[in-house]
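Asker: Dropping the structure in here first, questions after.
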Amino acid sequence: MPAKKVIIVGGGFAGLKAARALGNKSDIVVTLIDRRNYHLFQPLLYQVATAGLSPAEISGPIRGILSQYKNVSVFLDNVESVDLKNKKLQVPGQSLDYDYLILACGAKHSYFNHPEWEENAPGLKTLEQATEIRRRLLMAFELAEKESDTEKQKQHLTFVIVGAGPTGVELAGAIAEISRHTLMKNFRRIDPSRTRVLLIEAGPRILAAFDSELSRKAARDLEDLGVQIWTNTRVTDVKNTSVVLGEEIVKASTILWAAGVQPSSLNKILGTPLDRAGRVIIEKELCLKDHPEVFVLGDQACLMGEDGTPLPGLASVAMQQGVHAANQILRDVKGQPRRPFRYLDKGQMATIGRKKAIAQIHNLKFSGFFAWILWLFIHVYYLIGFKNKFFVIWQWAYAYLTLKRGARLIVDKEWRSQPKSSV
């Protein structure tokens, strides 16, 4: 019997877990396709954006990670279309056949029908976005240092974060710590501790997915760091140097977006039922109803949990689904019946700043230093590769003891010695 061809689209948590679970299995040939050559540990992206870590410390080359699996090939490519009927996947220049297809393309930020806001308020889903946020963050202090106009100086030292989920909270806390500790003695004409960090949330409280008690605790911790929290406040426009909140306009040189996500645009061309958020509605076995050979995982999919609500877009969900989808394929090859997916809830956590975090695991709730240590241990544990773990632990120990950040590099996108505009 010829080997089964499995194509995995996406080298994130779900795709990588699926590839490893299928690695070195007989009668299985795996091709993993991703637009980038590295796996990214997204939960720590905010550390890159706020100069705590360098990009290489939270990412690793996909080829290196999967090099031990002889039946797994990696393509650096972009998927253009999927022909579900004929089991074909189109990439630039060629068409690939598959017996099984695993779609795990993740999600990007949603600007709620205002894509033009992205230019002025970058989100945080990729390394490119993280380094751009770092550039804008550090440049704001540099511009304030040489500005003589006090109003413009105040504008440069105002940071607005839209959205108070885990990403928004972590960004706000990190920026507040940088301004009040890391940069305190680095400037001569400005006082970085007077930086204004404004966290905007359309809902009634921050970290809405957490217990209300933990949400209040996180809000108090943020306020202790100097963060201003505006709840029940909706953004109506985002301009180059200001954000419009109904009748009020807040002038700020740096505006960051952490308010919502939308699944991969690939969903729109599959021709399968989608939920209101644009996610593919899948069966309990993680596959499409009319195409059991196609699995859709992670942020790209909508699967109801035991409580009747869609499973959250967490790394733990994606990783468990990746393993389960691979096991479904292996069961098919062995002629065994499939099993429904059951999510093992490992809880959720968010860090507010140095020695401050919250964690919720079923009915157990933690906050403060213990939650921060728990958060640190779990995130380092899931990093790919010993080198990554070593450097992350070293950087955190350095930052903890010295209150300094070692990745404060302002890197422009222009690489030419003679920019096009000047030629």
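Within each chain, counting starts at residue 1; across the structure tokens, chains are named A, B, ... in the order shown, with ligands numbered 1 upward in that order.
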Pick out the residues sitting within 8 Å of Arg63 in chain A, and hand them over as a short mmCIF file (atom, residue, chain, number, x, y, z; two decimals) with C-alpha atoms, in the first residue's frame; count only C-alpha atoms, and ignore anything fewer than 4 positions along from it in its own chain.
Answerer:
data_model
loop_
_atom_site.label_atom_id
_atom_site.label_comp_id
_atom_site.auth_asym_id
_atom_site.auth_seq_id
_atom_site.Cartn_x
_atom_site.Cartn_y
_atom_site.Cartn_z
CA ASN A 37 11.13 29.35 7.99
CA TYR A 38 10.76 29.51 11.77
CA SER A 67 15.30 17.42 11.18
CA VAL A 74 9.44 21.46 4.89
#
Asker: Would you list the contacts of Pro92 in chain A as a PyMOL selection string, taking every protein, DNA or RNA residue within 9 Å and counting only C-alpha atoms, but skipping same-chain residues closer than 4 positions in sequence?
Answerer: chain A and resi 77-80
Asker: Write out, as a CSV table (one decimal), in the first residue's frame, the residues just selected, with all heavy atoms.
Answerer:
chain,number,residue,atom,x,y,z
A,77,ASP,N,6.7,28.4,1.6
A,77,ASP,CA,5.8,28.7,0.5
A,77,ASP,C,4.5,29.3,1.0
A,77,ASP,O,4.3,29.3,2.2
A,77,ASP,CB,5.5,27.4,-0.3
A,77,ASP,CG,5.6,27.7,-1.8
A,77,ASP,OD1,5.3,28.9,-2.2
A,77,ASP,OD2,5.9,26.8,-2.6
A,78,ASN,N,3.7,29.7,0.1
A,78,ASN,CA,2.4,30.3,0.4
A,78,ASN,C,1.3,29.6,-0.3
A,78,ASN,O,1.3,29.4,-1.5
A,78,ASN,CB,2.4,31.8,0.0
A,78,ASN,CG,1.1,32.5,0.5
A,78,ASN,OD1,0.7,32.4,1.6
A,78,ASN,ND2,0.6,33.3,-0.4
A,79,VAL,N,0.3,29.2,0.5
A,79,VAL,CA,-0.9,28.5,-0.1
A,79,VAL,C,-1.8,29.4,-0.8
A,79,VAL,O,-2.3,30.4,-0.2
A,79,VAL,CB,-1.6,27.6,0.9
A,79,VAL,CG1,-2.9,27.0,0.3
A,79,VAL,CG2,-0.7,26.6,1.5
A,80,GLU,N,-2.1,29.2,-2.1
A,80,GLU,CA,-3.0,30.1,-2.9
A,80,GLU,C,-4.4,29.6,-2.8
A,80,GLU,O,-5.3,30.4,-2.8
A,80,GLU,CB,-2.5,30.2,-4.3
A,80,GLU,CG,-1.1,30.8,-4.4
A,80,GLU,CD,-0.6,30.9,-5.9
A,80,GLU,OE1,-1.0,30.0,-6.7
A,80,GLU,OE2,0.2,31.8,-6.2
Asker: Neighbours of Pro122 in chain A within 10 Å (only C-alpha atoms; same-chain residues fewer than 6 positions away dropped), as JSON, numbers by chain?
Answerer: {"A": [109, 129, 130, 132, 133, 136, 254, 255, 256, 257, 258]}
Asker: With distances taken over only C-alpha atoms, which of A:Ala164, A:Cys287, A:Leu101, A:Ala107 is nearest to Gln262 in chain A?
Answerer: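 Among the listed residues, A:Ala107 lies closest to Gln262 in chain A.
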Asker: Please identify all polymer residues within 12 Å of Ile28 in chain A, counting only C-alpha atoms, omitting same-chain residues fewer than 2 positions from it, and present them as JSON, numbers by chain.
Answerer: {"A": [1, 2, 3, 4, 5, 6, 7, 19, 21, 22, 23, 24, 25, 26, 30, 31, 69, 70, 71, 72, 73, 98, 99, 100, 326, 329, 330, 332, 333, 334]}
Asker: Grab the residues selected above and save them as a PDB file, in the first residue's frame with N, CA and C atoms.
Answerer:
ATOM      1  N   MET A   1       0.843  -1.193   0.000  1.00  0.00           N
ATOM      2  CA  MET A   1       0.000   0.000   0.000  1.00  0.00           C
ATOM      3  C   MET A   1       0.877   1.241   0.000  1.00  0.00           C
ATOM      4  N   PRO A   2       0.627   2.215  -0.917  1.00  0.00           N
ATOM      5  CA  PRO A   2       1.462   3.425  -0.973  1.00  0.00           C
ATOM      6  C   PRO A   2       1.309   4.251   0.289  1.00  0.00           C
ATOM      7  N   ALA A   3       2.359   5.005   0.597  1.00  0.00           N
ATOM      8  CA  ALA A   3       2.336   5.836   1.794  1.00  0.00           C
ATOM      9  C   ALA A   3       1.296   6.945   1.652  1.00  0.00           C
ATOM     10  N   LYS A   4       0.660   7.286   2.763  1.00  0.00           N
ATOM     11  CA  LYS A   4      -0.335   8.356   2.778  1.00  0.00           C
ATOM     12  C   LYS A   4       0.381   9.709   2.784  1.00  0.00           C
ATOM     13  N   LYS A   5      -0.089  10.604   1.921  1.00  0.00           N
ATOM     14  CA  LYS A   5       0.488  11.940   1.834  1.00  0.00           C
ATOM     15  C   LYS A   5      -0.276  12.882   2.757  1.00  0.00           C
ATOM     16  N   VAL A   6       0.435  13.441   3.708  1.00  0.00           N
ATOM     17  CA  VAL A   6      -0.164  14.387   4.648  1.00  0.00           C
ATOM     18  C   VAL A   6       0.482  15.747   4.435  1.00  0.00           C
ATOM     19  N   ILE A   7      -0.344  16.761   4.173  1.00  0.00           N
ATOM     20  CA  ILE A   7       0.156  18.132   4.056  1.00  0.00           C
ATOM     21  C   ILE A   7      -0.333  18.926   5.260  1.00  0.00           C
ATOM     22  N   ALA A  19       3.079  17.533  13.092  1.00  0.00           N
ATOM     23  CA  ALA A  19       4.231  17.021  12.350  1.00  0.00           C
ATOM     24  C   ALA A  19       5.085  16.108  13.217  1.00  0.00           C
ATOM     25  N   ALA A  21       4.077  14.384  15.845  1.00  0.00           N
ATOM     26  CA  ALA A  21       3.327  13.163  16.151  1.00  0.00           C
ATOM     27  C   ALA A  21       3.325  12.188  14.977  1.00  0.00           C
ATOM     28  N   LEU A  22       3.450  12.722  13.755  1.00  0.00           N
ATOM     29  CA  LEU A  22       3.485  11.878  12.554  1.00  0.00           C
ATOM     30  C   LEU A  22       4.921  11.547  12.135  1.00  0.00           C
ATOM     31  N   GLY A  23       5.894  12.149  12.813  1.00  0.00           N
ATOM     32  CA  GLY A  23       7.288  11.961  12.443  1.00  0.00           C
ATOM     33  C   GLY A  23       7.768  10.532  12.596  1.00  0.00           C
ATOM     34  N   ASN A  24       8.476  10.054  11.565  1.00  0.00           N
ATOM     35  CA  ASN A  24       9.062   8.706  11.540  1.00  0.00           C
ATOM     36  C   ASN A  24       8.030   7.586  11.662  1.00  0.00           C
ATOM     37  N   LYS A  25       6.783   7.878  11.291  1.00  0.00           N
ATOM     38  CA  LYS A  25       5.748   6.840  11.258  1.00  0.00           C
ATOM     39  C   LYS A  25       5.759   6.166   9.889  1.00  0.00           C
ATOM     40  N   SER A  26       5.653   4.858   9.888  1.00  0.00           N
ATOM     41  CA  SER A  26       5.671   4.121   8.631  1.00  0.00           C
ATOM     42  C   SER A  26       4.402   4.402   7.830  1.00  0.00           C
ATOM     43  N   VAL A  30       5.004  13.311   5.189  1.00  0.00           N
ATOM     44  CA  VAL A  30       4.485  14.601   5.644  1.00  0.00           C
ATOM     45  C   VAL A  30       5.207  15.750   4.941  1.00  0.00           C
ATOM     46  N   THR A  31       4.421  16.728   4.507  1.00  0.00           N
ATOM     47  CA  THR A  31       4.966  17.976   3.974  1.00  0.00           C
ATOM     48  C   THR A  31       4.379  19.123   4.780  1.00  0.00           C
ATOM     49  N   TYR A  69      13.081  13.843  11.878  1.00  0.00           N
ATOM     50  CA  TYR A  69      11.995  13.041  11.309  1.00  0.00           C
ATOM     51  C   TYR A  69      12.226  12.899   9.802  1.00  0.00           C
ATOM     52  N   LYS A  70      12.645  11.724   9.376  1.00  0.00           N
ATOM     53  CA  LYS A  70      13.047  11.507   7.988  1.00  0.00           C
ATOM     54  C   LYS A  70      11.885  11.544   7.006  1.00  0.00           C
ATOM     55  N   ASN A  71      10.673  11.368   7.491  1.00  0.00           N
ATOM     56  CA  ASN A  71       9.517  11.361   6.590  1.00  0.00           C
ATOM     57  C   ASN A  71       8.844  12.730   6.498  1.00  0.00           C
ATOM     58  N   VAL A  72       9.460  13.760   7.097  1.00  0.00           N
ATOM     59  CA  VAL A  72       8.870  15.105   7.101  1.00  0.00           C
ATOM     60  C   VAL A  72       9.716  16.051   6.253  1.00  0.00           C
ATOM     61  N   SER A  73       9.078  16.675   5.256  1.00  0.00           N
ATOM     62  CA  SER A  73       9.723  17.699   4.436  1.00  0.00           C
ATOM     63  C   SER A  73       9.115  19.054   4.767  1.00  0.00           C
ATOM     64  N   TYR A  98      -2.810  15.454  -1.902  1.00  0.00           N
ATOM     65  CA  TYR A  98      -2.771  14.995  -0.513  1.00  0.00           C
ATOM     66  C   TYR A  98      -3.825  13.923  -0.276  1.00  0.00           C
ATOM     67  N   ASP A  99      -3.549  13.078   0.695  1.00  0.00           N
ATOM     68  CA  ASP A  99      -4.551  12.156   1.213  1.00  0.00           C
ATOM     69  C   ASP A  99      -5.210  12.740   2.458  1.00  0.00           C
ATOM     70  N   TYR A 100      -4.394  13.463   3.225  1.00  0.00           N
ATOM     71  CA  TYR A 100      -4.899  14.158   4.404  1.00  0.00           C
ATOM     72  C   TYR A 100      -4.335  15.579   4.402  1.00  0.00           C
ATOM     73  N   ALA A 326      -3.218  14.306  14.342  1.00  0.00           N
ATOM     74  CA  ALA A 326      -2.228  13.327  13.878  1.00  0.00           C
ATOM     75  C   ALA A 326      -2.645  11.913  14.287  1.00  0.00           C
ATOM     76  N   ILE A 329      -5.307  10.447  12.046  1.00  0.00           N
ATOM     77  CA  ILE A 329      -4.767   9.929  10.789  1.00  0.00           C
ATOM     78  C   ILE A 329      -4.135   8.557  11.006  1.00  0.00           C
ATOM     79  N   LEU A 330      -3.384   8.419  12.069  1.00  0.00           N
ATOM     80  CA  LEU A 330      -2.743   7.137  12.367  1.00  0.00           C
ATOM     81  C   LEU A 330      -3.786   6.048  12.636  1.00  0.00           C
ATOM     82  N   ASP A 332      -6.770   5.987  11.274  1.00  0.00           N
ATOM     83  CA  ASP A 332      -7.313   5.657   9.952  1.00  0.00           C
ATOM     84  C   ASP A 332      -6.424   4.641   9.246  1.00  0.00           C
ATOM     85  N   VAL A 333      -5.114   4.883   9.278  1.00  0.00           N
ATOM     86  CA  VAL A 333      -4.165   3.998   8.597  1.00  0.00           C
ATOM     87  C   VAL A 333      -4.219   2.583   9.177  1.00  0.00           C
ATOM     88  N   LYS A 334      -4.455   2.495  10.481  1.00  0.00           N
ATOM     89  CA  LYS A 334      -4.523   1.189  11.150  1.00  0.00           C
ATOM     90  C   LYS A 334      -5.914   0.558  11.072  1.00  0.00           C
TER      91      LYS A 334
END
Asker: Which residues come within 8 Å of range 180-197 of chain A, counting only C-alpha atoms, excluding same-chain residues fewer than 4 positions away, as a PyMOL selection string?
Answerer: chain A and resi 141+144-146+154+157-161+172+175-176+226-228+403-405
Asker: Run DSSP on the backbone and grab whatever in range 224-297 of chain A lands in strand (DSSP E); send it over as a list in words.
Answerer: Val227, Gln228, Ile229, Trp230, Asp237, Val238, Ser242, Val243, Val244, Leu245, Glu248, Ile249, Val250, Lys251, Thr254, Ile255, Leu256, Trp257, Val261, Gln262, Pro263, Val280, Ile281, Val294, Phe295 and Val296 of chain A
Asker: Find the residues near Phe391 in chain A: any atom within 10 Å, counting only C-alpha atoms, skip ones fewer than 6 places away on the same chain, and give them as a compact mmCIF listing (two decimals) with N, CA and C atoms, in the first residue's frame.
Answerer:
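Result file result.txt:
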# COMPACT_ATOMS: atom_id res chain seq x y z
N LEU A 53 13.50 40.68 25.11
CA LEU A 53 14.13 39.55 24.45
C LEU A 53 14.40 39.87 22.99
N SER A 54 15.34 39.17 22.39
CA SER A 54 15.61 39.30 20.96
C SER A 54 14.79 38.27 20.19
N ALA A 56 15.43 35.94 18.04
CA ALA A 56 15.93 34.57 17.95
C ALA A 56 15.70 33.77 19.22
N GLU A 57 15.44 34.47 20.33
CA GLU A 57 15.27 33.78 21.61
C GLU A 57 13.87 33.20 21.79
N ILE A 58 12.92 33.60 20.92
CA ILE A 58 11.57 33.04 21.02
C ILE A 58 11.16 32.36 19.72
N VAL A 380 8.77 29.10 29.75
CA VAL A 380 10.11 28.61 29.41
C VAL A 380 10.06 27.13 29.07
N ALA A 397 16.64 36.71 34.29
CA ALA A 397 17.41 36.88 35.52
C ALA A 397 18.13 38.23 35.49
Asker: If you run DSSP over the backbone, which residues in range 52-230 of chain A end up alpha helix (DSSP H)? Put them as a ChimeraX atom specification.
Answerer: /A:62-65,127-145,150-156,166-177,212-224
Asker: Pick out the closest residue to Glu119 in chain A from this set: A:Cys105, A:Leu314, A:Val238, A:Leu138. Count only C-alpha atoms.
Answerer: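 Of A:Cys105, A:Leu314, A:Val238, A:Leu138, the one nearest Glu119 in chain A, counting only C-alpha atoms, is A:Val238.
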Asker: Would you mind listing what lies within 9 Å of Lys239 in chain A as JSON, numbers by chain, with only C-alpha atoms counted and same-chain residues fewer than 4 positions away left out?
Answerer: {"A": [117, 120, 121, 243, 244]}
Asker: Would you put the residues from that selection into a file with all heavy atoms, as a CSV table (one decimal), in the first residue's frame?
Answerer:
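Result saved to out36.csv:
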chain,number,residue,atom,x,y,z
A,117,TRP,N,-6.7,51.4,9.9
A,117,TRP,CA,-6.1,51.7,11.2
A,117,TRP,C,-4.8,51.0,11.5
A,117,TRP,O,-4.0,51.4,12.3
A,117,TRP,CB,-7.1,51.3,12.3
A,117,TRP,CG,-8.3,52.1,12.4
A,117,TRP,CD1,-8.6,53.2,11.6
A,117,TRP,CD2,-9.5,51.9,13.2
A,117,TRP,NE1,-9.9,53.7,11.9
A,117,TRP,CE2,-10.4,53.0,12.9
A,117,TRP,CE3,-9.8,51.0,14.2
A,117,TRP,CZ2,-11.6,53.1,13.6
A,117,TRP,CZ3,-11.0,51.1,14.9
A,117,TRP,CH2,-11.9,52.1,14.5
A,120,ASN,N,-1.4,52.9,11.6
A,120,ASN,CA,-1.2,53.8,12.7
A,120,ASN,C,-1.2,53.0,14.1
A,120,ASN,O,-0.7,53.6,15.1
A,120,ASN,CB,-2.2,54.9,12.8
A,120,ASN,CG,-2.2,55.8,11.6
A,120,ASN,OD1,-1.2,56.1,11.0
A,120,ASN,ND2,-3.4,56.2,11.1
A,121,ALA,N,-1.7,51.8,14.1
A,121,ALA,CA,-1.8,51.1,15.3
A,121,ALA,C,-1.4,49.6,15.0
A,121,ALA,O,-2.3,48.8,14.9
A,121,ALA,CB,-3.2,51.2,15.9
A,243,VAL,N,-5.8,59.1,18.9
A,243,VAL,CA,-6.9,58.0,18.9
A,243,VAL,C,-8.1,58.7,19.3
A,243,VAL,O,-8.2,59.5,20.3
A,243,VAL,CB,-6.5,56.8,19.8
A,243,VAL,CG1,-6.3,57.3,21.2
A,243,VAL,CG2,-7.6,55.8,19.8
A,244,VAL,N,-9.2,58.5,18.6
A,244,VAL,CA,-10.5,59.1,18.9
A,244,VAL,C,-11.4,58.2,19.6
A,244,VAL,O,-11.6,57.0,19.2
A,244,VAL,CB,-11.2,59.5,17.6
A,244,VAL,CG1,-12.5,60.3,17.9
A,244,VAL,CG2,-10.3,60.4,16.7
